[in-house]
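Dropping run_36.cif in here (mmCIF, C-alpha atoms, pLDDT in the B column; chains and numbers go by the auth columns):
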```cif
data_work
loop_
_atom_site.group_PDB
_atom_site.id
_atom_site.type_symbol
_atom_site.label_atom_id
_atom_site.label_comp_id
_atom_site.label_asym_id
_atom_site.label_seq_id
_atom_site.Cartn_x
_atom_site.Cartn_y
_atom_site.Cartn_z
_atom_site.B_iso_or_equiv
_atom_site.auth_seq_id
_atom_site.auth_asym_id
ATOM 1 C CA MET A 1 0.000 0.000 0.000 52.00 1 A
ATOM 2 C CA LYS A 2 1.347 3.300 -1.068 54.00 2 A
ATOM 3 C CA ARG A 3 1.441 6.125 1.419 54.00 3 A
ATOM 4 C CA GLN A 4 -0.110 9.363 0.354 55.00 4 A
ATOM 5 C CA GLY A 5 2.270 12.191 0.254 53.00 5 A
ATOM 6 C CA PHE A 6 2.287 15.499 2.032 49.00 6 A
ATOM 7 C CA GLY A 7 0.670 17.197 -1.001 51.00 7 A
ATOM 8 C CA ALA A 8 -2.407 14.954 -0.833 53.00 8 A
ATOM 9 C CA CYS A 9 -2.801 15.754 2.833 53.00 9 A
ATOM 10 C CA LEU A 10 -2.670 19.462 2.047 55.00 10 A
ATOM 11 C CA GLY A 11 -5.269 18.973 -0.691 59.00 11 A
ATOM 12 C CA VAL A 12 -7.720 17.400 1.756 58.00 12 A
ATOM 13 C CA ARG A 13 -7.091 20.087 4.327 63.00 13 A
ATOM 14 C CA LYS A 14 -7.489 22.792 1.705 63.00 14 A
ATOM 15 C CA HIS A 15 -10.789 21.250 0.583 64.00 15 A
ATOM 16 C CA LEU A 16 -12.013 21.074 4.200 61.00 16 A
ATOM 17 C CA TYR A 17 -10.844 24.618 4.831 64.00 17 A
ATOM 18 C CA LEU A 18 -12.651 25.967 1.740 67.00 18 A
ATOM 19 C CA THR A 19 -15.807 24.033 2.633 67.00 19 A
ATOM 20 C CA LEU A 20 -15.766 25.389 6.181 64.00 20 A
ATOM 21 C CA CYS A 21 -15.126 28.935 4.910 67.00 21 A
ATOM 22 C CA ALA A 22 -18.019 28.652 2.475 69.00 22 A
ATOM 23 C CA GLU A 23 -20.326 27.383 5.214 70.00 23 A
ATOM 24 C CA PHE A 24 -19.139 30.115 7.555 68.00 24 A
ATOM 25 C CA GLU A 25 -19.734 32.823 4.927 71.00 25 A
ATOM 26 C CA LYS A 26 -23.155 31.367 4.131 68.00 26 A
ATOM 27 C CA ASN A 27 -24.017 31.433 7.842 68.00 27 A
ATOM 28 C CA ILE A 28 -22.878 35.068 8.184 68.00 28 A
ATOM 29 C CA LEU A 29 -24.839 36.057 5.068 64.00 29 A
ATOM 30 C CA SER A 30 -27.921 34.304 6.416 64.00 30 A
ATOM 31 C CA ARG A 31 -27.595 36.185 9.708 62.00 31 A
ATOM 32 C CA LYS A 32 -27.195 39.485 7.866 60.00 32 A
ATOM 33 C CA VAL A 33 -30.303 38.803 5.775 61.00 33 A
ATOM 34 C CA ASN A 34 -32.297 37.875 8.880 59.00 34 A
ATOM 35 C CA PHE A 35 -31.118 41.034 10.619 54.00 35 A
ATOM 36 C CA LEU A 36 -32.164 43.173 7.626 56.00 36 A
ATOM 37 C CA ILE A 37 -35.571 41.495 7.541 60.00 37 A
ATOM 38 C CA ILE A 38 -36.064 42.259 11.231 56.00 38 A
ATOM 39 C CA ILE A 39 -35.051 45.910 10.735 55.00 39 A
ATOM 40 C CA MET A 40 -37.300 46.323 7.690 56.00 40 A
ATOM 41 C CA SER A 41 -40.322 44.821 9.414 51.00 41 A
ATOM 42 C CA ALA A 42 -39.737 47.055 12.452 48.00 42 A
ATOM 43 C CA GLN A 43 -39.580 50.099 10.182 48.00 43 A
ATOM 44 C CA GLN A 44 -42.798 49.079 8.460 49.00 44 A
ATOM 45 C CA GLN A 45 -44.531 48.628 11.804 47.00 45 A
ATOM 46 C CA GLN A 46 -43.441 52.099 12.895 49.00 46 A
ATOM 47 C CA LYS A 47 -45.979 54.654 11.800 77.00 47 A
ATOM 48 C CA ARG A 48 -44.527 57.325 9.624 87.00 48 A
ATOM 49 C CA PRO A 49 -45.516 60.921 10.279 94.00 49 A
ATOM 50 C CA ILE A 50 -48.457 62.412 8.433 96.00 50 A
ATOM 51 C CA ARG A 51 -47.179 64.017 5.212 97.00 51 A
ATOM 52 C CA VAL A 52 -48.948 67.279 4.425 98.00 52 A
ATOM 53 C CA LEU A 53 -48.649 69.207 1.174 98.00 53 A
ATOM 54 C CA VAL A 54 -49.466 72.856 1.953 98.00 54 A
ATOM 55 C CA CYS A 55 -50.268 74.799 -1.187 96.00 55 A
ATOM 56 C CA LYS A 56 -51.328 78.145 -2.540 93.00 56 A
ATOM 57 C CA LEU A 57 -53.445 77.849 -5.665 92.00 57 A
ATOM 58 C CA GLY A 58 -54.085 80.209 -8.517 86.00 58 A
ATOM 59 C CA LEU A 59 -53.081 83.849 -8.434 86.00 59 A
ATOM 60 C CA ASP A 60 -53.231 84.210 -4.652 83.00 60 A
ATOM 61 C CA GLY A 61 -49.867 85.543 -3.501 84.00 61 A
ATOM 62 C CA HIS A 62 -50.706 85.963 0.182 87.00 62 A
ATOM 63 C CA ASP A 63 -48.782 83.176 1.874 89.00 63 A
ATOM 64 C CA ARG A 64 -48.238 84.350 5.453 91.00 64 A
ATOM 65 C CA GLY A 65 -51.088 82.165 6.777 90.00 65 A
ATOM 66 C CA ALA A 66 -49.867 79.144 4.795 93.00 66 A
ATOM 67 C CA LEU A 67 -46.374 79.572 6.244 94.00 67 A
ATOM 68 C CA VAL A 68 -47.800 79.753 9.775 94.00 68 A
ATOM 69 C CA ILE A 69 -49.735 76.546 9.061 95.00 69 A
ATOM 70 C CA CYS A 70 -46.540 74.886 7.785 96.00 70 A
ATOM 71 C CA ARG A 71 -44.755 75.652 11.051 95.00 71 A
ATOM 72 C CA ALA A 72 -47.717 74.473 13.128 95.00 72 A
ATOM 73 C CA PHE A 73 -47.902 71.170 11.233 96.00 73 A
ATOM 74 C CA ARG A 74 -44.134 70.708 11.598 95.00 74 A
ATOM 75 C CA ASP A 75 -44.294 71.425 15.317 94.00 75 A
ATOM 76 C CA ALA A 76 -47.130 68.886 15.609 94.00 76 A
ATOM 77 C CA GLY A 77 -44.804 66.185 14.222 94.00 77 A
ATOM 78 C CA MET A 78 -46.029 66.170 10.643 96.00 78 A
ATOM 79 C CA GLU A 79 -43.825 66.189 7.566 97.00 79 A
ATOM 80 C CA VAL A 80 -44.552 69.332 5.573 97.00 80 A
ATOM 81 C CA ILE A 81 -44.048 69.987 1.882 97.00 81 A
ATOM 82 C CA TYR A 82 -44.740 73.562 0.775 97.00 82 A
ATOM 83 C CA SER A 83 -45.695 74.012 -2.863 95.00 83 A
ATOM 84 C CA GLY A 84 -44.860 77.672 -3.152 91.00 84 A
ATOM 85 C CA LEU A 85 -47.099 80.258 -4.796 93.00 85 A
ATOM 86 C CA PHE A 86 -49.219 80.278 -7.954 92.00 86 A
ATOM 87 C CA CYS A 87 -49.745 76.531 -8.422 94.00 87 A
ATOM 88 C CA THR A 88 -52.318 75.001 -10.729 95.00 88 A
ATOM 89 C CA PRO A 89 -54.638 72.201 -9.571 97.00 89 A
ATOM 90 C CA GLU A 90 -52.789 69.823 -11.918 97.00 90 A
ATOM 91 C CA GLN A 91 -49.446 70.693 -10.323 97.00 91 A
ATOM 92 C CA ILE A 92 -50.873 70.156 -6.841 97.00 92 A
ATOM 93 C CA ALA A 93 -52.367 66.761 -7.724 97.00 93 A
ATOM 94 C CA ASN A 94 -49.101 65.625 -9.310 97.00 94 A
ATOM 95 C CA MET A 95 -47.060 66.967 -6.384 97.00 95 A
ATOM 96 C CA ALA A 96 -49.275 65.162 -3.860 97.00 96 A
ATOM 97 C CA ILE A 97 -48.810 61.869 -5.688 97.00 97 A
ATOM 98 C CA ASP A 98 -45.068 62.361 -6.256 96.00 98 A
ATOM 99 C CA GLU A 99 -44.486 63.291 -2.602 96.00 99 A
ATOM 100 C CA ASP A 100 -46.743 60.480 -1.311 96.00 100 A
ATOM 101 C CA ALA A 101 -48.714 63.024 0.711 97.00 101 A
ATOM 102 C CA ASN A 102 -51.462 61.941 3.091 97.00 102 A
ATOM 103 C CA VAL A 103 -53.029 65.403 3.096 98.00 103 A
ATOM 104 C CA VAL A 104 -53.321 68.315 0.682 98.00 104 A
ATOM 105 C CA ALA A 105 -53.958 71.503 2.661 98.00 105 A
ATOM 106 C CA MET A 106 -54.997 74.296 0.320 97.00 106 A
ATOM 107 C CA SER A 107 -55.245 78.000 1.093 94.00 107 A
ATOM 108 C CA LEU A 108 -57.038 80.625 -0.961 93.00 108 A
ATOM 109 C CA LEU A 109 -57.919 84.193 -0.129 90.00 109 A
ATOM 110 C CA ASN A 110 -59.072 85.361 -3.568 89.00 110 A
ATOM 111 C CA GLY A 111 -62.523 83.777 -3.778 88.00 111 A
ATOM 112 C CA ALA A 112 -61.710 81.025 -6.299 91.00 112 A
ATOM 113 C CA HIS A 113 -62.186 78.224 -3.751 93.00 113 A
ATOM 114 C CA LEU A 114 -65.367 76.834 -5.376 94.00 114 A
ATOM 115 C CA THR A 115 -63.461 76.377 -8.625 94.00 115 A
ATOM 116 C CA LEU A 116 -59.960 75.337 -7.601 96.00 116 A
ATOM 117 C CA PHE A 117 -60.456 73.229 -4.438 96.00 117 A
ATOM 118 C CA PRO A 118 -62.923 70.768 -6.022 97.00 118 A
ATOM 119 C CA LYS A 119 -60.725 70.533 -9.110 97.00 119 A
ATOM 120 C CA VAL A 120 -57.791 69.333 -6.987 97.00 120 A
ATOM 121 C CA ALA A 121 -60.029 66.762 -5.247 97.00 121 A
ATOM 122 C CA ARG A 122 -61.338 65.544 -8.617 97.00 122 A
ATOM 123 C CA LEU A 123 -57.860 65.274 -10.157 97.00 123 A
ATOM 124 C CA LEU A 124 -56.588 63.274 -7.181 97.00 124 A
ATOM 125 C CA LYS A 125 -59.478 60.822 -7.574 96.00 125 A
ATOM 126 C CA GLU A 126 -58.911 60.548 -11.323 97.00 126 A
ATOM 127 C CA LYS A 127 -55.230 59.763 -10.721 96.00 127 A
ATOM 128 C CA GLY A 128 -56.064 57.025 -8.190 96.00 128 A
ATOM 129 C CA ALA A 129 -55.161 59.012 -5.073 96.00 129 A
ATOM 130 C CA GLU A 130 -58.626 59.121 -3.527 94.00 130 A
ATOM 131 C CA ASP A 131 -57.103 58.260 -0.132 96.00 131 A
ATOM 132 C CA VAL A 132 -55.429 61.693 0.049 97.00 132 A
ATOM 133 C CA LEU A 133 -57.298 63.948 2.464 97.00 133 A
ATOM 134 C CA VAL A 134 -58.137 67.325 0.899 98.00 134 A
ATOM 135 C CA VAL A 135 -58.452 70.221 3.359 98.00 135 A
ATOM 136 C CA GLY A 136 -59.360 73.805 2.502 96.00 136 A
ATOM 137 C CA GLY A 137 -58.757 77.097 4.221 95.00 137 A
ATOM 138 C CA GLY A 138 -58.938 80.811 3.594 93.00 138 A
ATOM 139 C CA ILE A 139 -61.706 83.331 3.073 92.00 139 A
ATOM 140 C CA ILE A 140 -64.579 80.885 2.597 93.00 140 A
ATOM 141 C CA PRO A 141 -68.160 82.037 3.239 93.00 141 A
ATOM 142 C CA GLU A 142 -70.260 79.733 5.415 91.00 142 A
ATOM 143 C CA SER A 143 -72.636 79.111 2.497 92.00 143 A
ATOM 144 C CA ASP A 144 -69.776 77.739 0.342 94.00 144 A
ATOM 145 C CA ARG A 145 -68.456 75.335 2.981 94.00 145 A
ATOM 146 C CA LYS A 146 -71.268 72.818 2.561 93.00 146 A
ATOM 147 C CA GLU A 147 -70.770 72.779 -1.210 95.00 147 A
ATOM 148 C CA LEU A 148 -67.036 72.160 -0.781 96.00 148 A
ATOM 149 C CA GLU A 149 -67.718 69.316 1.688 95.00 149 A
ATOM 150 C CA LYS A 150 -70.000 67.668 -0.909 95.00 150 A
ATOM 151 C CA GLN A 151 -67.158 67.821 -3.413 95.00 151 A
ATOM 152 C CA GLY A 152 -64.644 66.166 -1.086 95.00 152 A
ATOM 153 C CA VAL A 153 -62.923 69.180 0.482 97.00 153 A
ATOM 154 C CA THR A 154 -63.000 68.953 4.280 96.00 154 A
ATOM 155 C CA GLY A 155 -62.285 71.507 6.992 93.00 155 A
ATOM 156 C CA ASN A 156 -62.697 74.713 5.036 94.00 156 A
ATOM 157 C CA PHE A 157 -61.270 76.755 7.871 95.00 157 A
ATOM 158 C CA GLY A 158 -61.504 80.510 7.982 92.00 158 A
ATOM 159 C CA PRO A 159 -59.214 83.194 9.381 91.00 159 A
ATOM 160 C CA GLY A 160 -58.678 82.972 13.118 91.00 160 A
ATOM 161 C CA THR A 161 -59.271 79.221 13.372 94.00 161 A
ATOM 162 C CA PRO A 162 -57.094 77.950 16.232 94.00 162 A
ATOM 163 C CA LEU A 163 -54.188 75.880 14.921 94.00 163 A
ATOM 164 C CA PRO A 164 -54.956 72.901 17.219 94.00 164 A
ATOM 165 C CA VAL A 165 -58.431 72.675 15.653 95.00 165 A
ATOM 166 C CA ILE A 166 -56.890 72.292 12.184 96.00 166 A
ATOM 167 C CA ILE A 167 -54.263 69.812 13.387 95.00 167 A
ATOM 168 C CA ASN A 168 -56.853 67.695 15.231 95.00 168 A
ATOM 169 C CA HIS A 169 -59.126 67.730 12.174 96.00 169 A
ATOM 170 C CA ILE A 170 -56.330 66.263 10.056 96.00 170 A
ATOM 171 C CA ARG A 171 -55.346 63.661 12.649 94.00 171 A
ATOM 172 C CA GLU A 172 -58.955 62.522 13.142 94.00 172 A
ATOM 173 C CA LYS A 173 -59.641 62.274 9.408 95.00 173 A
ATOM 174 C CA ILE A 174 -56.427 60.303 8.837 94.00 174 A
ATOM 175 C CA LYS A 175 -57.380 57.892 11.659 90.00 175 A
ATOM 176 C CA GLU A 176 -60.752 57.310 9.981 89.00 176 A
ATOM 177 C CA GLN A 177 -59.089 56.181 6.754 83.00 177 A
#
```

Would you write the structure of this file as structure tokens?
Amino acid sequence: MKRQGFGACLGVRKHLYLTLCAEFEKNILSRKVNFLIIIMSAQQQQKRPIRVLVCKLGLDGHDRGALVICRAFRDAGMEVIYSGLFCTPEQIANMAIDEDANVVAMSLLNGAHLTLFPKVARLLKEKGAEDVLVVGGGIIPESDRKELEKQGVTGNFGPGTPLPVIINHIREKIKEQ
């Protein structure tokens, strides 16, 4: 019987070593994947903050109230996206979808609320974003508020509305969804 040489012994050891390394790496990779799955599921279980798109529609350039609302929403723990001035309803609907907003908070002081607010609500529904809460605010006569509610625009807050009332309205409506 011929004795195997030193080289054969090294070959077996090398094979065992490579097998063990491969198993070890596979085990580490498996642990990493499991860890990532745990982290991802924890992140999904965590509720993300309410995302609010605050916007000024049409030719209304008075944005002081909208900026105050932005700060109030931020301070209440919401994520705020501000559209800037002079937006069209189409831009607002697209922005809300692109930003994955939960709420579109619109402000108008120029009297075009019966035209522009419902148009935003309609465009969101047409684009498949009917779950986005549409909230109005500005100079809105009491008689127009019921009409806006029928067309899917909630809140319709006027000047002087306490900020906690607006924030609670949004939180309650989001809970209902």

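Across the structure, atom CA of A:Ile166 and atom CA of A:Lys127 are spaced 26.2 Å apart.
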
All residues 9 Å or closer to A:Asn94, all atoms listed in the file, same chain fewer than 4 positions away omitted, as a VMD selection string: chain A and resid 89 to 90 98 to 99 123 to 124 127

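Atom pair atom CA of A:Val103 / atom CA of A:Lys150 has a distance of 17.6 Å (rounded to one decimal).
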
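Nearest to A:Ile92 of all the residues A:Glu25, A:Leu57, A:Leu109, A:Ile167 is A:Leu57, counting all atoms listed in the file.
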
Nearest residue to A:Val80 from the set A:Asp63, A:Val153, A:Glu176, A:Arg51 (distances using all atoms listed in the file): A:Arg51

Take every atom of stretch 128-136 of chain A listed in the file, pad by 4 Å on each side, and give me the axis-aligned box centre and edge lengths in Å, one decimal, as JSON.
```
{"center_x": -57.3, "center_y": 65.4, "center_z": -2.4, "size_x": 12.2, "size_y": 24.8, "size_z": 19.5}
```

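Near (-50.3, 59.7, -5.3), the residues that fall inside 10 Å on the basis of all atoms listed in the file are Ala93, Asn94, Met95, Ala96, Ile97, Asp98, Glu99, Asp100, Ala101, Asn102, Leu124, Lys125, Lys127, Gly128, Ala129, Glu130, Asp131 and Val132 of chain A.
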
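Here atom CA of A:Tyr82 stands at a distance of 7.4 Å from atom CA of A:Cys70.
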
Residues of stretch 51-82 of chain A within 12 Å of stretch 159-162 of chain A: nearest atom pair and distance (Å, one decimal) for each, counting all atoms listed in the file, sorted by chain and number, as a Markdown table?
```
| residue | atom | partner | partner_atom | distance |
| --- | --- | --- | --- | --- |
| A:Arg64 | CA | A:Pro159 | CA | 11.7 |
| A:Gly65 | CA | A:Pro159 | CA | 8.6 |
| A:Ala66 | CA | A:Pro159 | CA | 11.2 |
| A:Val68 | CA | A:Pro162 | CA | 11.5 |
| A:Ile69 | CA | A:Pro162 | CA | 10.4 |
| A:Ala72 | CA | A:Pro162 | CA | 10.5 |
```

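If only C-alpha atoms are the atoms counted, then among A:Gly152, A:Gly158, A:Pro141, A:Gly61 the closest residue to A:Val104 is A:Gly152.
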
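The result of the PyMOL selection byres ((chain A and resi 154) around 10) on the shown file is A:Ala105, A:Leu133, A:Val134, A:Val135, A:Gly136, A:Gly137, A:Arg145, A:Lys146, A:Leu148, A:Glu149, A:Lys150, A:Gln151, A:Gly152, A:Val153, A:Gly155, A:Asn156, A:Phe157, A:His169, A:Ile170, A:Lys173.
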
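If you apply the PyMOL selection byres ((chain A and resi 111-116) around 9) to this structure, you end up with Leu57, Gly58, Thr88, Pro89, Ser107, Leu108, Leu109, Asn110, Phe117, Pro118, Lys119, Val120, Ala121, Gly136, Gly137, Gly138, Ile139, Ile140, Asp144, Glu147 and Leu148 of chain A.
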
From A:Val54, A:Met78, A:Arg48, A:Arg71, residue lying nearest A:Arg171 [only C-alpha atoms]: A:Met78

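Between A:Arg74 and the residues A:Val165, A:Pro49, A:Ser143, A:Glu172, the shortest atom-to-atom distance, using all atoms listed in the file, involves A:Pro49.
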